[in-house]
Each structure stands twice: as structure tokens, then as C-alpha cells.
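Asker: Okay, so here is upload-v3.tsv, and as you'll see once you scroll down, it has TSV, C-alpha atoms.
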```
chain	number	residue	atom	x	y	z
A	4	MET	CA	-20.75	-5.72	-14.26
A	5	ALA	CA	-17.84	-4.08	-12.52
A	6	LYS	CA	-14.31	-4.19	-13.81
A	7	ILE	CA	-12.01	-5.69	-11.17
A	8	ILE	CA	-8.56	-4.12	-11.04
A	9	VAL	CA	-5.83	-5.41	-8.72
A	10	VAL	CA	-3.03	-3.11	-7.63
A	11	THR	CA	-0.06	-5.35	-6.94
A	12	SER	CA	3.76	-5.40	-6.89
A	13	GLY	CA	5.30	-8.29	-5.01
A	14	LYS	CA	7.63	-5.98	-3.13
A	15	GLY	CA	6.39	-3.92	-0.21
A	16	GLY	CA	6.63	-0.17	0.18
A	17	VAL	CA	6.55	0.69	-3.51
A	18	GLY	CA	3.24	2.56	-3.38
A	19	LYS	CA	0.40	0.04	-3.81
A	20	THR	CA	-1.93	1.62	-1.28
A	21	THR	CA	-1.07	5.16	-2.40
A	22	THR	CA	-1.83	4.06	-5.96
A	23	SER	CA	-5.07	2.25	-5.04
A	24	ALA	CA	-6.27	5.37	-3.22
A	25	ALA	CA	-5.27	7.72	-6.04
A	26	ILE	CA	-6.58	5.62	-8.94
A	27	GLY	CA	-9.82	4.77	-7.12
A	28	THR	CA	-10.41	8.42	-6.28
A	29	GLY	CA	-9.58	9.44	-9.85
A	30	LEU	CA	-12.09	6.98	-11.31
A	31	ALA	CA	-14.79	8.21	-8.91
A	32	MET	CA	-14.01	11.84	-9.77
A	33	GLN	CA	-14.79	10.97	-13.38
A	34	GLY	CA	-18.21	9.74	-12.34
A	35	HIS	CA	-17.59	5.99	-12.09
A	36	ARG	CA	-18.99	4.23	-9.04
A	37	THR	CA	-15.87	2.82	-7.45
A	38	ILE	CA	-15.01	0.77	-4.37
A	39	ILE	CA	-11.49	0.19	-3.06
A	40	ILE	CA	-10.96	-3.01	-1.06
A	41	ASP	CA	-8.03	-3.47	1.30
A	42	PHE	CA	-6.83	-7.09	1.01
A	43	ASP	CA	-4.00	-6.67	3.51
A	44	VAL	CA	-5.52	-8.71	6.32
A	45	GLY	CA	-3.79	-7.99	9.61
A	46	LEU	CA	-2.11	-4.82	8.34
A	47	ARG	CA	-4.98	-2.48	7.51
A	48	ASN	CA	-3.71	0.79	6.03
A	49	LEU	CA	-5.93	1.91	3.19
A	50	ASP	CA	-8.30	3.53	5.73
A	51	LEU	CA	-5.46	5.79	6.95
A	52	ILE	CA	-4.43	6.80	3.44
A	53	MET	CA	-8.07	7.58	2.61
A	54	GLY	CA	-8.60	9.42	5.89
A	55	CYS	CA	-11.51	7.29	7.09
A	56	GLU	CA	-9.75	5.29	9.85
A	57	ARG	CA	-12.15	6.47	12.54
A	58	ARG	CA	-15.21	5.41	10.59
A	59	VAL	CA	-14.34	1.72	10.24
A	60	VAL	CA	-16.91	-0.37	12.11
A	61	TYR	CA	-17.09	-3.56	10.08
A	62	ASP	CA	-14.50	-4.94	7.68
A	63	PHE	CA	-14.03	-7.31	4.74
A	64	VAL	CA	-13.73	-10.42	6.92
A	65	ASN	CA	-16.89	-9.51	8.88
A	66	VAL	CA	-18.77	-9.51	5.58
A	67	ILE	CA	-17.28	-12.84	4.48
A	68	ASN	CA	-18.21	-14.39	7.83
A	69	GLY	CA	-21.73	-13.01	7.63
A	70	GLU	CA	-21.24	-10.82	10.72
A	71	ALA	CA	-22.14	-7.69	8.75
A	72	THR	CA	-23.80	-6.87	5.46
A	73	LEU	CA	-21.94	-5.19	2.65
A	74	SER	CA	-23.91	-1.99	3.07
A	75	GLN	CA	-22.94	-1.89	6.75
A	76	ALA	CA	-19.26	-2.42	5.99
A	77	THR	CA	-18.73	-0.15	3.00
A	78	ILE	CA	-17.61	3.34	3.98
A	79	LYS	CA	-18.73	6.21	1.80
A	80	ASP	CA	-15.90	8.64	1.11
A	81	LYS	CA	-16.59	12.12	2.45
A	82	ARG	CA	-14.62	14.05	-0.14
A	83	THR	CA	-15.42	12.30	-3.39
A	84	ASP	CA	-18.83	11.23	-4.67
A	85	ASN	CA	-19.19	7.70	-6.07
A	86	LEU	CA	-16.31	6.47	-3.92
A	87	TYR	CA	-16.50	3.72	-1.28
A	88	ILE	CA	-13.98	1.86	0.86
A	89	LEU	CA	-14.00	-1.63	2.35
A	90	ALA	CA	-11.41	-1.93	5.12
A	91	ALA	CA	-9.21	-4.95	5.80
A	92	SER	CA	-9.65	-6.93	8.95
A	93	GLN	CA	-7.08	-6.59	11.73
A	94	THR	CA	-7.37	-10.29	12.56
A	95	ARG	CA	-4.19	-12.31	12.73
A	96	ASP	CA	-5.93	-15.31	11.23
A	97	LYS	CA	-4.17	-15.84	7.92
A	98	ASP	CA	-6.98	-17.94	6.52
A	99	ALA	CA	-9.67	-15.35	7.12
A	100	LEU	CA	-10.02	-14.75	3.38
A	101	THR	CA	-11.45	-17.74	1.56
A	102	GLN	CA	-11.78	-17.93	-2.18
A	103	GLU	CA	-15.52	-18.62	-1.96
A	104	GLY	CA	-15.99	-15.75	0.49
A	105	VAL	CA	-14.06	-13.29	-1.65
A	106	GLN	CA	-15.92	-14.40	-4.76
A	107	LYS	CA	-19.29	-13.91	-3.07
A	108	VAL	CA	-18.42	-10.38	-1.98
A	109	LEU	CA	-17.00	-9.45	-5.41
A	110	ASP	CA	-20.08	-10.88	-7.17
A	111	GLU	CA	-22.36	-8.83	-4.99
A	112	LEU	CA	-20.29	-5.66	-5.46
A	113	SER	CA	-20.13	-6.26	-9.21
A	114	GLU	CA	-23.81	-5.49	-9.53
A	115	ASP	CA	-23.51	-2.12	-7.83
A	116	TYR	CA	-20.18	-0.70	-8.95
A	117	ASP	CA	-18.33	0.18	-12.16
A	118	PHE	CA	-14.86	-0.45	-10.74
A	119	ILE	CA	-13.58	-2.62	-7.90
A	120	ILE	CA	-10.00	-1.79	-6.93
A	121	CYS	CA	-8.25	-4.56	-4.98
A	122	ASP	CA	-5.34	-3.22	-2.93
A	123	SER	CA	-3.02	-6.23	-2.64
A	124	PRO	CA	-0.73	-6.96	0.29
A	125	ALA	CA	2.99	-7.31	-0.41
A	126	GLY	CA	4.48	-10.73	-1.08
A	127	ILE	CA	3.28	-13.65	-3.16
A	128	GLU	CA	1.48	-15.52	-0.40
A	129	LYS	CA	-2.20	-16.28	-0.05
A	130	GLY	CA	-3.36	-12.69	0.56
A	131	ALA	CA	-1.67	-11.41	-2.57
A	132	GLN	CA	-2.95	-14.36	-4.61
A	133	MET	CA	-6.47	-13.77	-3.33
A	134	ALA	CA	-6.32	-10.09	-4.32
A	135	LEU	CA	-5.36	-10.91	-7.90
A	136	TYR	CA	-7.32	-14.13	-8.42
A	137	PHE	CA	-10.55	-12.59	-9.74
A	138	ALA	CA	-8.96	-9.59	-11.49
A	139	ASP	CA	-9.76	-8.45	-15.03
A	140	GLU	CA	-6.87	-6.00	-15.09
A	141	ALA	CA	-3.72	-5.53	-13.02
A	142	ILE	CA	-1.72	-2.44	-12.19
A	143	VAL	CA	1.82	-3.56	-11.39
A	144	VAL	CA	3.46	-0.88	-9.25
A	145	THR	CA	7.22	-0.81	-9.72
A	146	ASN	CA	10.02	1.38	-8.42
A	147	PRO	CA	13.00	1.87	-10.77
A	148	GLU	CA	15.17	-0.31	-8.57
A	149	VAL	CA	16.46	-3.89	-8.97
A	150	SER	CA	14.51	-5.74	-6.27
A	151	SER	CA	11.22	-4.09	-7.16
A	152	VAL	CA	11.59	-4.88	-10.88
A	153	ARG	CA	12.48	-8.49	-10.17
A	154	ASP	CA	9.53	-8.91	-7.80
A	155	SER	CA	7.20	-7.33	-10.36
A	156	ASP	CA	8.29	-9.95	-12.85
A	157	ARG	CA	7.46	-12.68	-10.30
A	158	ILE	CA	4.00	-11.19	-9.82
A	159	LEU	CA	3.50	-11.12	-13.60
A	160	GLY	CA	4.25	-14.84	-13.63
A	161	ILE	CA	1.59	-15.41	-10.95
A	162	LEU	CA	-0.96	-13.25	-12.81
A	163	GLN	CA	-0.34	-15.41	-15.87
A	164	SER	CA	-0.61	-18.77	-14.12
A	165	LYS	CA	-2.53	-18.56	-10.84
A	166	SER	CA	-5.41	-16.21	-11.62
A	167	GLN	CA	-8.93	-17.38	-12.36
A	168	ARG	CA	-8.57	-16.17	-15.95
A	169	ALA	CA	-5.41	-18.26	-16.35
A	170	GLU	CA	-6.90	-21.36	-14.71
A	171	GLN	CA	-10.05	-21.21	-16.79
A	172	GLY	CA	-8.16	-20.47	-20.00
A	173	LYS	CA	-9.97	-17.17	-20.50
A	174	GLU	CA	-8.52	-14.02	-21.99
A	175	PRO	CA	-5.49	-13.15	-19.81
A	176	ILE	CA	-5.50	-10.36	-17.23
A	177	LYS	CA	-4.65	-7.04	-18.86
A	178	GLU	CA	-1.37	-5.91	-17.31
A	179	HIS	CA	-0.39	-2.28	-16.77
A	180	LEU	CA	2.97	-1.01	-15.59
A	181	LEU	CA	2.97	1.93	-13.19
A	182	ILE	CA	6.41	3.25	-12.29
A	183	THR	CA	6.46	5.20	-9.04
A	184	ARG	CA	9.10	7.28	-7.21
A	185	TYR	CA	10.73	8.19	-10.51
A	186	ASN	CA	13.55	10.69	-10.33
A	187	PRO	CA	14.49	12.02	-13.80
A	188	SER	CA	17.56	13.80	-12.53
A	189	ARG	CA	19.05	10.59	-11.13
A	190	VAL	CA	18.15	8.82	-14.37
A	191	ASN	CA	20.10	11.51	-16.24
A	192	ASP	CA	23.08	10.89	-14.00
A	193	GLY	CA	22.97	7.16	-14.73
A	194	GLU	CA	22.02	6.36	-11.15
A	195	MET	CA	18.50	5.10	-11.72
A	196	LEU	CA	16.86	2.74	-14.21
A	197	SER	CA	14.97	4.71	-16.85
A	198	VAL	CA	11.36	4.18	-17.88
A	199	SER	CA	12.51	2.44	-21.05
A	200	ASP	CA	14.90	0.19	-19.08
A	201	VAL	CA	12.02	-1.04	-16.89
A	202	GLU	CA	9.73	-1.37	-19.93
A	203	ASP	CA	12.40	-3.42	-21.74
A	204	ILE	CA	12.76	-5.84	-18.84
A	205	LEU	CA	9.10	-6.31	-17.89
A	206	ALA	CA	7.67	-5.94	-21.42
A	207	ILE	CA	4.17	-4.78	-20.44
A	208	ALA	CA	2.24	-1.66	-21.41
A	209	LEU	CA	3.11	1.52	-19.51
A	210	LEU	CA	0.16	3.07	-17.68
A	211	GLY	CA	2.01	5.92	-16.06
A	212	VAL	CA	5.08	7.29	-14.36
A	213	ILE	CA	4.67	8.97	-10.99
A	214	PRO	CA	7.57	11.24	-10.11
A	215	GLU	CA	9.18	11.05	-6.68
A	216	SER	CA	7.36	13.79	-4.85
A	217	GLU	CA	7.08	15.30	-1.40
A	218	ALA	CA	3.38	15.62	-2.05
A	219	VAL	CA	2.86	11.86	-1.53
A	220	LEU	CA	4.00	11.91	2.11
A	221	LYS	CA	2.08	15.14	2.74
A	222	ALA	CA	-1.05	13.55	1.31
A	223	SER	CA	-0.74	10.43	3.46
A	224	ASN	CA	-0.07	12.57	6.54
A	225	GLN	CA	-3.42	14.21	5.96
A	226	GLY	CA	-5.31	11.14	4.81
A	227	ALA	CA	-6.20	12.67	1.46
A	228	PRO	CA	-5.30	10.79	-1.75
A	229	VAL	CA	-2.55	12.67	-3.60
A	230	ILE	CA	-4.65	12.86	-6.78
A	231	LEU	CA	-6.90	15.41	-5.03
A	232	ASP	CA	-4.04	17.90	-5.13
A	233	GLY	CA	-4.10	18.85	-8.79
A	234	GLN	CA	-1.26	21.32	-8.22
A	235	THR	CA	1.33	18.62	-7.63
A	236	ASN	CA	3.27	16.62	-10.22
A	237	ALA	CA	2.36	13.34	-8.54
A	238	GLY	CA	-1.34	14.27	-8.47
A	239	GLN	CA	-1.31	15.23	-12.13
A	240	ALA	CA	0.61	12.09	-13.10
A	241	TYR	CA	-2.03	9.95	-11.34
A	242	SER	CA	-4.82	11.84	-13.15
A	243	ASP	CA	-3.13	11.07	-16.46
A	244	ALA	CA	-2.85	7.40	-15.47
A	245	VAL	CA	-6.59	7.28	-14.70
A	246	ASP	CA	-7.33	8.78	-18.13
A	247	ARG	CA	-5.18	6.12	-19.78
A	248	LEU	CA	-6.85	3.40	-17.74
A	249	LEU	CA	-10.15	4.61	-19.18
A	250	GLY	CA	-8.75	4.23	-22.68
A	251	ASN	CA	-7.74	7.81	-23.45
A	252	GLU	CA	-4.39	8.58	-25.02
A	253	VAL	CA	-2.48	11.02	-22.87
A	254	ALA	CA	1.17	11.96	-23.35
A	255	HIS	CA	3.51	11.07	-20.48
A	256	ARG	CA	4.76	13.98	-18.39
A	257	PHE	CA	7.48	14.54	-15.78
A	258	LEU	CA	9.89	12.15	-17.49
A	259	SER	CA	12.67	14.69	-17.88
A	260	VAL	CA	14.39	17.03	-15.48
A	261	GLN	CA	12.38	20.15	-14.85
A	262	LYS	CA	14.43	23.31	-14.98
A	263	LYS	CA	14.68	25.16	-11.71
A	264	GLY	CA	14.88	28.93	-11.48
A	265	PHE	CA	18.14	30.64	-10.67
A	266	PHE	CA	17.32	31.28	-7.01
A	267	LYS	CA	16.06	27.78	-6.39
A	268	ARG	CA	19.24	26.38	-7.80
A	269	LEU	CA	21.36	28.74	-5.76
A	270	LEU	CA	19.54	27.99	-2.52
A	271	GLY	CA	19.20	24.28	-3.20
A	272	ALA	CA	15.45	24.23	-2.70
A	273	THR	CA	13.68	21.16	-3.97
A	274	ALA	CA	10.47	21.42	-5.89
B	1	MET	CA	21.50	20.61	-5.33
B	2	SER	CA	22.96	23.69	-3.81
B	3	ILE	CA	25.74	25.98	-4.93
B	4	PHE	CA	28.30	23.87	-3.06
B	5	ASP	CA	27.53	20.82	-5.15
B	6	TYR	CA	29.01	22.52	-8.19
B	7	PHE	CA	32.45	22.35	-6.65
B	8	ARG	CA	32.21	18.66	-5.98
B	9	THR	CA	33.45	16.37	-8.69
B	10	LYS	CA	31.11	13.66	-9.82
B	11	LYS	CA	32.77	10.32	-10.00
B	12	THR	CA	29.97	7.80	-10.00
B	13	GLY	CA	29.82	5.53	-13.01
B	14	ASN	CA	26.66	4.48	-14.77
B	15	THR	CA	25.26	2.14	-12.15
B	16	ALA	CA	21.83	2.07	-13.83
B	17	ALA	CA	23.37	0.25	-16.81
B	18	ALA	CA	24.77	-2.38	-14.46
B	19	ALA	CA	21.36	-2.74	-12.81
B	20	LYS	CA	19.67	-3.25	-16.16
B	21	GLU	CA	22.16	-5.87	-17.29
B	22	ARG	CA	21.91	-7.84	-14.03
B	23	LEU	CA	18.12	-7.68	-14.12
B	24	GLN	CA	17.90	-8.86	-17.72
B	25	ILE	CA	19.98	-11.93	-16.90
B	26	ILE	CA	18.20	-12.92	-13.70
B	27	VAL	CA	14.71	-12.24	-15.05
B	28	ALA	CA	15.36	-14.31	-18.18
B	29	HIS	CA	16.70	-17.14	-16.00
B	30	GLU	CA	13.70	-17.04	-13.65
B	31	ARG	CA	11.23	-16.93	-16.52
B	32	GLY	CA	12.83	-20.08	-17.91
B	33	GLN	CA	12.39	-21.86	-14.58
B	34	ARG	CA	8.80	-20.67	-14.28
B	35	LYS	CA	7.77	-22.77	-17.25
B	36	GLN	CA	9.22	-25.91	-15.69
B	37	PRO	CA	6.86	-28.31	-13.99
B	38	ASP	CA	7.18	-28.50	-10.21
B	39	TYR	CA	8.66	-32.00	-10.29
B	40	MET	CA	11.73	-30.98	-12.31
B	41	PRO	CA	14.18	-30.28	-9.45
B	42	ARG	CA	13.35	-33.64	-7.77
B	43	MET	CA	13.50	-35.53	-11.02
B	44	GLN	CA	16.88	-33.98	-11.72
B	45	GLU	CA	18.09	-35.13	-8.29
B	46	GLU	CA	16.91	-38.67	-8.87
B	47	ILE	CA	18.40	-38.91	-12.35
B	48	LEU	CA	21.67	-37.68	-10.91
B	49	ASP	CA	21.54	-40.38	-8.21
B	50	VAL	CA	21.14	-43.10	-10.82
B	51	ILE	CA	24.03	-41.79	-12.88
B	52	ARG	CA	26.20	-41.57	-9.76
B	53	LYS	CA	25.78	-45.27	-9.20
B	54	TYR	CA	27.84	-45.92	-12.30
B	55	VAL	CA	29.89	-42.80	-13.01
B	56	LYS	CA	31.38	-40.21	-10.74
B	57	VAL	CA	29.74	-36.94	-11.78
B	58	ASP	CA	29.06	-33.66	-10.07
B	59	GLN	CA	25.76	-31.77	-9.82
B	60	LYS	CA	27.06	-29.05	-12.10
B	61	ASP	CA	28.02	-31.57	-14.82
B	62	VAL	CA	24.41	-32.53	-15.40
B	63	SER	CA	21.82	-30.30	-16.98
B	64	VAL	CA	18.23	-31.29	-17.45
B	65	GLN	CA	16.05	-29.15	-19.65
B	66	LEU	CA	12.47	-29.41	-20.74
B	67	ASP	CA	11.59	-27.60	-23.94
B	68	ASP	CA	8.00	-27.09	-24.87
B	69	SER	CA	7.46	-26.08	-28.46
B	70	ASN	CA	4.00	-26.30	-29.98
B	71	ASN	CA	2.79	-29.83	-29.28
B	72	CYS	CA	6.17	-31.42	-28.83
B	73	SER	CA	7.97	-31.61	-25.49
B	74	VAL	CA	11.64	-32.52	-25.43
B	75	LEU	CA	13.41	-33.59	-22.26
B	76	GLU	CA	17.07	-32.94	-22.77
B	77	LEU	CA	19.67	-34.54	-20.51
B	78	ASN	CA	23.22	-33.33	-20.80
B	79	ILE	CA	25.96	-35.05	-18.83
B	80	THR	CA	29.61	-34.11	-18.96
B	81	LEU	CA	31.45	-37.34	-18.23
B	82	PRO	CA	34.78	-37.21	-16.45
B	83	ASP	CA	37.89	-38.03	-18.50
```
Spell out the structure here as C-alpha cells.
Answerer:
Amino acid sequence: MAKIIVVTSGKGGVGKTTTSAAIGTGLAMQGHRTIIIDFDVGLRNLDLIMGCERRVVYDFVNVINGEATLSQATIKDKRTDNLYILAASQTRDKDALTQEGVQKVLDELSEDYDFIICDSPAGIEKGAQMALYFADEAIVVTNPEVSSVRDSDRILGILQSKSQRAEQGKEPIKEHLLITRYNPSRVNDGEMLSVSDVEDILAIALLGVIPESEAVLKASNQGAPVILDGQTNAGQAYSDAVDRLLGNEVAHRFLSVQKKGFFKRLLGATA
Amino acid sequence: MSIFDYFRTKKTGNTAAAAKERLQIIVAHERGQRKQPDYMPRMQEEILDVIRKYVKVDQKDVSVQLDDSNNCSVLELNITLPD
């Protein structure tokens, strides 16, 4: 039985797809058979972030409609063993994802995989609700910024009332907070909500804090999940988050301002 | 930050504290509404209409609240009557 993890946020542009790609890759790197599913019907993007956009032949909706089998539609990642991708459809039909269809696909995948990562679309509409409906755990991606925190709280409400676990009165979805684009120096200056501020407001367990990093854009430019670059802060922070997701206790890093050398400070170079 | 920044004076207040305070208020308010059944806003409207037949009251003078504690639900209706 696979564990189904939804990566969600409510607000767009906070790093859901980046996180899905990084966490999925991290789990596979640790030897767990993992598949990442793009639920953003009409706005497929996970394939670009994973660097497999030219290998998409069939997609999620094709499988639901019986136009392709799962083994035809799943794309094996070229860089990481144990890692597979299922692309979103580019159809403009909003009702392409049905609950029965999604359930059938997830049931079938459950037998083959250890982890199923559901990359949710933004918003709280049908697509987002479908992505979280069958989840066992949720990673709520939040930027330290008012609208993102508020939207995360809305999504938490939906996880607690509109998921299958909620409707069937089962054990609730395990919620994890992942703060992205964190800038310790701005927090120090009182310009950005701190980790503890966001924790206070949302009151869920902290999975990780990903520092604002140039490496994230570089990684997406190249179509390689940022976690593959173990030299970068963001990559290391994602690795730590994967370890915590697997139940290991790892201390949080990159929460305070890192001292720059004299020359870097003088020349204004950013790390 | 470059060398020139050191000559600039920093005059921004603690805006993060303001953000936190605003968020705490709005999130608490929205969580309260989340627990309400969907029919509450309409019921509130209708109750208000009935009251208006007899007394002149404003929307803001009426508060309807549903409290759920254990196995006891209390519907509280608070009307501020005009003098």
C-alpha cells in the first residue's frame, strides 16, 4: 500500500510543483518507489520542472478515460531510479478528473508504489479538492507572507472537512507545514513573518523551511529538481524535509542569517 | 547589501509584527465561520426580515451565533433594539 501525499497551498506560485519534484525525487533517492502526479489539468508544468516535457505521450486523463494504460502513461525519470511521473492533461475540460477515475488510478498505483505524490493545482476548486481527497498526508506549502498564510489556513479547513478521511470519519490527514522562500535577513529586520509566527498562526507541525535561493530558478531552468544539487541551501533543506517526512529527527538549518565574508559584503554579492 | 547600503538610514518599522497581528485576527474569524452550517447566512437574513416587520433594526444590530459544545448546540440571537 502506497502512502498518498498531497502537496497543496491554496495560493499559486508558492512552490508546490518545485516541492513535489524535490520531495518526490528525495524519496526515490532513498530507495522508495515513488510516483509524482500532476493534478493541474489544463496547466501542465510538473513535466517541465522534472525535465521530461518531451517524453509525455499519454497523460492522467488518458488513463482515466481508458485511452492508455498506466504503464504507457507513467514516465520513468532518467536521473533518479525508483522515480516516475504522470503528467497532467492539457485539456480545457474542467470535469476531466472524476472522483471514481482518480480513485481507480490511485488504487492501481497503490499496489506498485511506496509513495504517491499529488501535485495540487492552486485554488480551492475541484482540481485542488480532487488532489487532496484521497490523501493520507498533506504538505502545506506556505510563503511567509499574509495572503499565502491565510490561504493555507483555508486549505487546512478543506483537508479537515472535504477529504475522504474526514467524510468517512477516519483518522485525519496528517498535516505538515513547509515554509518556502524564507529570507532570514528580512526576518531579522522585521520585514518578514518568522517561522514561529507562521507556526503560531497555522498551528501544524513544521516539516521544513526552504530558504529563498537562486538555485530554485536555476534548477527549473534546467528541468532538474533542486534537491539534486546537494551543494545548495535549498537542496539541502529539501533533503532534510524528506528525512523528517520519513520519520527521522533532523535539526532545522538556514533559519538564521549566514555570515558573509568581508569581500562579499563589500561587493554586495549574494550567496 | 553593498557598501553603499551602510550609509543609508533604515527607517522601516516592524511590518512583520503588523502582518502577524492582522493574520491572527482574520484567521480566527474565518475559522469561526468555517464551523457554521451553510444555511446560517440565509437564516440570519430571514430572522432579520421578521424582526424588521415589527422593529426598525439594522443588519449590524443583530448577531446570530451557533455554538457547538459537546452534544449541546446553542443558537444565540442578539438584537440591539433602538432606543
Asker: Please identify all polymer residues lying at most 12 Å from the point (19.9, -5.8, -15.5) (file coordinates), using all atoms listed in the file, and present the result as number ranges by chain.
Answerer: A: 147-150, 152-153, 195-197, 200-205; B: 15-29
Asker: At a cut-off of 10 Å, using only C-alpha atoms, what residues contact Gln132 (chain A)? Leave out same-chain residues fewer than 5 positions from it and give the result as a list in words.
Answerer: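 What passes the distance filter is Thr11, Phe42, Gln102, Ser123, Pro124, Gly126, Ile127, Phe137, Ile158, Ile161, Leu162, Lys165 and Ser166 of chain A.
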Asker: How many Å separate CA of Leu77 (chain B) from CA of Ser164 (chain A)?
Answerer: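 Distance between the two atoms: 26.5 Å.
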Asker: Between CA of Pro37 (chain B) and CA of Gln171 (chain A), what is the spacing in Å?
Answerer: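 Pair CA of Gln171 (chain A) / CA of Pro37 (chain B) returns 18.6 Å.
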Asker: Would you please work out which residue, of A:Thr28, A:Ser188, A:Ser216, A:Asn85, is nearest to chain B when using all atoms listed in the file?
Answerer: A:Ser188
Asker: What gap, in Å, lies between CA of Gln65 (chain B) and CA of Arg157 (chain A)?
Answerer: 20.8 Å
Asker: Contacts of Tyr54 (chain B) at 12 Å or less, counting all atoms listed in the file, minus same-chain residues fewer than 4 places along, as a VMD selection string?
Answerer: chain B and resid 47 to 50 81 to 82
Asker: Could you list, as number ranges by chain, every residue within 9 Å of Val212 (chain A), counting all atoms listed in the file and ignoring same-chain residues fewer than 5 positions away?
Answerer: A: 180-185, 198, 237, 240-241, 244, 255-258
Asker: Under the rule that only C-alpha atoms are counted, which of B:Asn14, B:Thr80, B:Gln33, B:Asn70 is the nearest residue to Val57 (chain B)?
Answerer: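 Between B:Asn14, B:Thr80, B:Gln33, B:Asn70, the residue approaching Val57 (chain B) most closely is B:Thr80.
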Asker: For region 49-58 of chain A, please output as a VMD selection string all residues within 10 Å (counting only C-alpha atoms; exclusion window: fewer than 3 positions along the same chain).
Answerer: chain A and resid 19 to 21 23 to 25 28 39 to 43 46 61 76 78 to 82 88 to 91 122 220 222 to 229
Asker: For a quick check of understanding, using all atoms listed in the file, which of A:Leu231, A:Val245, A:Ala218, A:Leu159 has the smallest distance to chain B?
Answerer: A:Leu159
Asker: Between B:Val74, B:Gly32, B:Gln44, B:Ile79, which is the closest to Asp61 (chain B) once you count all atoms listed in the file?
Answerer: B:Ile79
Asker: Looking at all atoms listed in the file, which of A:Met32, A:Val190, A:Ala254, A:Ile230 is the one that sits closest to chain B?
Answerer: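 Looking only at the distances to chain B, the closest residue turns out to be A:Val190.
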